[in-house]
Amino acid sequence: MTTQLLIAGFGGQGVLFAGKFIAYNGLLEGRQLSWLPSYGPEMRGGTANCSVILSDEPVGSPIVSKPDILIAMNLPSLDKYEDAVVPGGMIFVDSTLIERKIKRTDVKVFYVPATGLANDIGLPTLANMIMVGKFIKESGAVSTNNVESTLKKVVSARKANLLDMNLKAIECGLNLEG
Amino acid sequence: MAEKVLMKGNEAIAEAAIRAGCKHYFGYPITPQTEIAAYMAKRMPKIGGTFLQAESEISAINMVYGVSGSGKRVMTSSSSPGVSLKQEGISYIAGSDLPALIVNVQRGGPGLGGIQPSQSDYFQATKGGGHGDYHLIVLTPASVQEMADMTILAFDLADKYRMPAMLLADGTMGQMMEPVELPEPDDIKVYEKPWAVTGTGKKRQHNIINSLYLDPEELEKTNFERYERYKTIEENEARYESFMMDDADYCVVAFGIAARVSKNAVIAARKEGIKVGMIRPITVWPFPKKPLAEAADKVKGFLSVELSMGQMIEDIKLATECKKKVELCNRVGGMIPSPEQVLESIKKLAGGND
């Protein structure tokens, strides 16, 4: 099985980190994978996205142009990539920041008020990881077993205090109903 | 076996270089290869090595020239406009028969161009680049694992043949992360360098590192000798990967990121019943002429997939002696062909012949 994932939002929302977490999770499961960031003159407030491919086969092109799953963290990203998602795919929308509903009827959509929830639980910078939690729960693309061991890989030892915060945010996403 | 870690291609180059025994890095920052310099800046001081951000690419390559003369493994890295600046120094290094590693993580050109991936420095890398008759050994990684492996191979080949080697990557390869297994330092080869200038200790004659020969007969001799060595390299070091070529009627030729994209297209074309395969040059100098010449006797046509206006296509035509048609499928300026575009080009190539 191959899952092509596109995560897109503003620079500073942790879009690349979210992708890295998912990629590392795949690595711990022994999957083949690639992680490719958009790079350029982007900075906080600009646009950022990353392509993650998880597969049982060696990954060919690392560029995701037709994602199976889109995580849209802001409106410009949803506007840009909504039509690119393959029929039968999934879209995860940060519904705090994106007021509109999606137009597509042939994909499964999850409206997650991630930015609002992140503020509510006192982790305002971790909306990305709430989305990751929801993604793990609904997509089945990676298992729920390796969350903690993955975090230990992607959060450097120097910032160990961030580990619990990330875990809390992911669990918030994992426990969301609907 | 070492544990697999997730690394950016640029970081994999830097870590592999250190493991290969390179303790001296000179560079100047430029997107999309800055992670190499950043990694070296962090690690070199900890292992007693040198990281130096030079005042320009020109000084960086001349620092490489100097360290190489002392017999130490040394490297520089840059991206297209920066590599252009280094060409004078590279020619001097080649003219002095010194090993060194130059990494080019290519971006769109010409001029200052853009910062997105490109392969449009192919001519510069494979046909000399600077002045005079010379070549570099040019390796083209197509995965983060190969970024690491080929860094070590490039150091080995450079030492073995006493000539500069280039890793010709692109922005995608530099920026993407993939699982990579790094080599153990125990596996690293060490080459004798009796030519190095390390101090005579009053026990031997001076070694001289030089590229200036005012006597034309002597200069001609050095050129002839160098090209004898190049002949050996062409015979022994051309590397390539063959994919689905056994029964192929058509042959895609692509390297680096273009080969990754093309692989998807070849698989998709096979599903539609088109017998197509791919030859991926791993060295572009020496160019894998032999497998292409052999393919020319079997297939009906070639498709060169490049992130340039068509540079490698000339080497394909030379290697195949234009026996079969060679079409081009390309994007430039930082754009990358999609698998769909390559598939369309394969179909067009196949349709025109059946």
# chains A, B, ... in the order shown; residues from 1 in each chain; ligands from 1
>>> closest_atom_pairs(of="chain B", to="chain A", cutoff="12 Å", atoms="only C-alpha atoms", output="Markdown table")
| residue | atom | partner | partner_atom | distance |
| --- | --- | --- | --- | --- |
| B:Glu3 | CA | A:Leu28 | CA | 10.6 |
| B:Lys4 | CA | A:Leu27 | CA | 8.1 |
| B:Val5 | CA | A:Leu27 | CA | 8.1 |
| B:Leu6 | CA | A:Tyr24 | CA | 7.0 |
| B:Met7 | CA | A:Trp35 | CA | 9.4 |
| B:Lys8 | CA | A:Trp35 | CA | 8.7 |
| B:Gly9 | CA | A:Leu36 | CA | 10.4 |
| B:Ile30 | CA | A:Gly40 | CA | 11.7 |
| B:Thr31 | CA | A:Gly40 | CA | 8.3 |
| B:Pro32 | CA | A:Tyr39 | CA | 8.2 |
| B:Gln33 | CA | A:Tyr39 | CA | 11.3 |
| B:Thr34 | CA | A:Tyr39 | CA | 12.0 |
| B:Arg107 | CA | A:Gly40 | CA | 11.4 |
| B:Gly114 | CA | A:Gly40 | CA | 9.3 |
| B:Ile115 | CA | A:Gly40 | CA | 6.7 |
| B:Gln116 | CA | A:Gly40 | CA | 7.5 |
| B:Pro117 | CA | A:Tyr39 | CA | 10.2 |
| B:Ala142 | CA | A:Gly60 | CA | 9.8 |
| B:Ser143 | CA | A:Ser34 | CA | 9.4 |
| B:Val144 | CA | A:Ser34 | CA | 9.3 |
| B:Gln145 | CA | A:Ser34 | CA | 11.5 |
| B:Gly171 | CA | A:Tyr39 | CA | 9.0 |
| B:Thr172 | CA | A:Leu36 | CA | 7.4 |
| B:Met173 | CA | A:Leu36 | CA | 9.0 |
| B:Gly174 | CA | A:Leu36 | CA | 9.7 |
| B:Gln175 | CA | A:Leu36 | CA | 6.6 |
| B:Met176 | CA | A:Leu36 | CA | 4.4 |
| B:Met177 | CA | A:Trp35 | CA | 4.9 |
| B:Glu178 | CA | A:Ser34 | CA | 4.9 |
| B:Pro179 | CA | A:Leu27 | CA | 7.0 |
| B:Val180 | CA | A:Leu27 | CA | 10.3 |
| B:Gly256 | CA | A:Ser61 | CA | 10.4 |
| B:Ile257 | CA | A:Ser61 | CA | 7.4 |
| B:Ala258 | CA | A:Ser61 | CA | 8.4 |
| B:Ala259 | CA | A:Ser61 | CA | 8.3 |
| B:Arg260 | CA | A:Ser61 | CA | 4.7 |
| B:Val261 | CA | A:Ser61 | CA | 4.4 |
| B:Ser262 | CA | A:Ser61 | CA | 7.8 |
| B:Lys263 | CA | A:Gly60 | CA | 6.1 |
| B:Asn264 | CA | A:Gly60 | CA | 5.8 |
| B:Ala265 | CA | A:Gly60 | CA | 9.4 |
| B:Val266 | CA | A:Gly60 | CA | 10.5 |
| B:Ile267 | CA | A:Gly60 | CA | 9.8 |
| B:Ala268 | CA | A:Gly60 | CA | 11.6 |
| B:Gly334 | CA | A:Gly40 | CA | 11.1 |
| B:Met335 | CA | A:Ile63 | CA | 11.5 |
| B:Ile336 | CA | A:Ile63 | CA | 9.1 |
| B:Pro337 | CA | A:Ile63 | CA | 10.2 |
| B:Ser338 | CA | A:Ser65 | CA | 8.2 |
| B:Pro339 | CA | A:Ser61 | CA | 7.8 |
| B:Glu340 | CA | A:Ser65 | CA | 10.4 |
| B:Val342 | CA | A:Ser61 | CA | 11.8 |
>>> write_last_selection(atoms="C-alpha atoms", output="short mmCIF file (atom, residue, chain, number, x, y, z; two decimals), in the first residue's frame")
data_model
loop_
_atom_site.label_atom_id
_atom_site.label_comp_id
_atom_site.auth_asym_id
_atom_site.auth_seq_id
_atom_site.Cartn_x
_atom_site.Cartn_y
_atom_site.Cartn_z
CA GLU B 3 20.37 1.83 12.17
CA LYS B 4 18.46 3.66 9.48
CA VAL B 5 17.95 7.33 10.20
CA LEU B 6 15.93 9.99 8.46
CA MET B 7 18.12 12.69 6.96
CA LYS B 8 18.02 15.39 4.34
CA GLY B 9 20.15 14.66 1.30
CA ILE B 30 23.79 29.31 -1.18
CA THR B 31 20.31 27.75 -1.42
CA PRO B 32 19.54 24.85 -1.85
CA GLN B 33 22.70 23.32 -0.36
CA THR B 34 23.21 25.42 2.78
CA ARG B 107 19.25 25.18 -9.10
CA GLY B 114 16.10 30.66 -9.19
CA ILE B 115 16.41 28.40 -6.20
CA GLN B 116 14.31 25.45 -7.35
CA PRO B 117 15.79 22.15 -8.64
CA ALA B 142 18.98 9.66 -7.07
CA SER B 143 18.20 9.03 -3.39
CA VAL B 144 19.36 10.21 0.00
CA GLN B 145 21.10 6.84 0.45
CA GLY B 171 17.55 20.92 -5.02
CA THR B 172 15.10 18.04 -4.56
CA MET B 173 17.83 15.57 -3.64
CA GLY B 174 19.34 18.09 -1.26
CA GLN B 175 16.11 18.99 0.51
CA MET B 176 14.27 15.67 0.68
CA MET B 177 14.49 13.29 3.62
CA GLU B 178 14.62 9.53 3.23
CA PRO B 179 15.82 6.70 5.45
CA VAL B 180 19.56 6.33 5.13
CA GLY B 256 18.78 12.07 -10.38
CA ILE B 257 15.29 13.40 -9.67
CA ALA B 258 14.33 12.95 -13.34
CA ALA B 259 15.01 9.21 -12.97
CA ARG B 260 12.81 9.02 -9.87
CA VAL B 261 9.92 10.63 -11.74
CA SER B 262 10.59 8.54 -14.85
CA LYS B 263 10.48 5.29 -12.89
CA ASN B 264 6.83 6.01 -12.00
CA ALA B 265 6.11 6.72 -15.67
CA VAL B 266 7.84 3.52 -16.86
CA ILE B 267 5.78 1.44 -14.41
CA ALA B 268 2.59 3.22 -15.53
CA GLY B 334 13.11 24.94 -11.38
CA MET B 335 10.11 22.97 -12.65
CA ILE B 336 10.11 19.16 -12.56
CA PRO B 337 8.38 16.97 -15.16
CA SER B 338 5.43 15.06 -13.70
CA PRO B 339 5.16 11.29 -14.15
CA GLU B 340 2.11 12.04 -16.35
CA VAL B 342 6.85 11.55 -18.98
#
>>> select_by_dssp(residues="region 168-329 of chain B", states="alpha helix (DSSP H)", output="PyMOL selection string")
chain B and resi 171-175+216-236+256-271+289-296+312-319
>>> residues_around(residues="Met90 (chain A)", least_positions_apart="4", cutoff="8 Å", atoms="only C-alpha atoms", output="list in words")
Asp68, Ile69, Leu70, Val85, Val107, Lys108, Val109, Phe110 and Ser139 of chain A
>>> write_last_selection(atoms="C-alpha atoms", output="PDB file, in the first residue's frame")
ATOM      1  CA  ASP A  68      -4.508  10.563  -1.166  1.00  0.00           C
ATOM      2  CA  ILE A  69      -4.698  12.709   1.934  1.00  0.00           C
ATOM      3  CA  LEU A  70      -4.527  16.481   2.328  1.00  0.00           C
ATOM      4  CA  VAL A  85      -6.957  15.150  -3.912  1.00  0.00           C
ATOM      5  CA  VAL A 107     -13.718  12.667  -0.620  1.00  0.00           C
ATOM      6  CA  LYS A 108     -13.987  12.081   3.104  1.00  0.00           C
ATOM      7  CA  VAL A 109     -13.580  15.272   5.106  1.00  0.00           C
ATOM      8  CA  PHE A 110     -12.703  15.901   8.754  1.00  0.00           C
ATOM      9  CA  SER A 139      -6.288   7.437   8.018  1.00  0.00           C
TER      10      SER A 139
END
>>> residues_around(residues="Leu151 (chain A)", least_positions_apart="4", cutoff="8 Å", atoms="only C-alpha atoms", output="list of chain:residue names")
A:Phe21, A:Val147, A:Val155, A:Leu163, A:Asn166, A:Leu167
>>> residues_around(residues="Glu99 (chain A)", least_positions_apart="2", cutoff="12 Å", atoms="only C-alpha atoms", output="VMD selection string")
chain A and resid 73 to 76 78 to 79 93 to 97 101 to 102 111 to 113
>>> write_last_selection(atoms="N, CA and C atoms", output="CSV table (one decimal), in the first residue's frame")
chain,number,residue,atom,x,y,z
A,73,MET,N,-4.0,23.5,6.6
A,73,MET,CA,-3.9,24.2,7.8
A,73,MET,C,-4.4,25.7,7.6
A,74,ASN,N,-4.6,26.1,6.4
A,74,ASN,CA,-5.1,27.5,6.1
A,74,ASN,C,-5.9,27.5,4.8
A,75,LEU,N,-6.6,28.6,4.6
A,75,LEU,CA,-7.5,28.7,3.5
A,75,LEU,C,-6.8,28.6,2.1
A,76,PRO,N,-5.7,29.4,2.0
A,76,PRO,CA,-5.0,29.3,0.7
A,76,PRO,C,-4.6,27.9,0.3
A,78,LEU,N,-6.1,25.1,1.2
A,78,LEU,CA,-7.3,24.3,0.8
A,78,LEU,C,-7.7,24.7,-0.6
A,79,ASP,N,-7.7,26.1,-0.8
A,79,ASP,CA,-8.1,26.6,-2.2
A,79,ASP,C,-7.2,26.0,-3.2
A,93,VAL,N,-9.2,19.4,7.6
A,93,VAL,CA,-9.3,20.9,7.6
A,93,VAL,C,-9.2,21.5,9.0
A,94,ASP,N,-8.3,22.5,9.1
A,94,ASP,CA,-8.3,23.2,10.4
A,94,ASP,C,-9.5,24.2,10.4
A,95,SER,N,-10.6,23.8,11.0
A,95,SER,CA,-11.8,24.5,10.9
A,95,SER,C,-11.8,25.8,11.7
A,96,THR,N,-10.8,26.0,12.6
A,96,THR,CA,-10.7,27.3,13.3
A,96,THR,C,-10.3,28.4,12.3
A,97,LEU,N,-9.4,28.0,11.4
A,97,LEU,CA,-8.8,29.0,10.5
A,97,LEU,C,-9.5,29.0,9.2
A,101,LYS,N,-16.7,25.3,4.0
A,101,LYS,CA,-16.7,23.9,3.8
A,101,LYS,C,-16.1,23.5,2.5
A,102,ILE,N,-15.7,22.2,2.4
A,102,ILE,CA,-15.1,21.8,1.1
A,102,ILE,C,-16.2,21.6,0.0
A,111,TYR,N,-13.4,18.0,9.7
A,111,TYR,CA,-13.2,19.4,10.2
A,111,TYR,C,-12.7,19.4,11.6
A,112,VAL,N,-11.5,19.8,11.8
A,112,VAL,CA,-10.9,19.7,13.1
A,112,VAL,C,-10.5,21.1,13.6
A,113,PRO,N,-11.2,21.6,14.6
A,113,PRO,CA,-10.9,23.0,15.1
A,113,PRO,C,-9.5,23.0,15.8
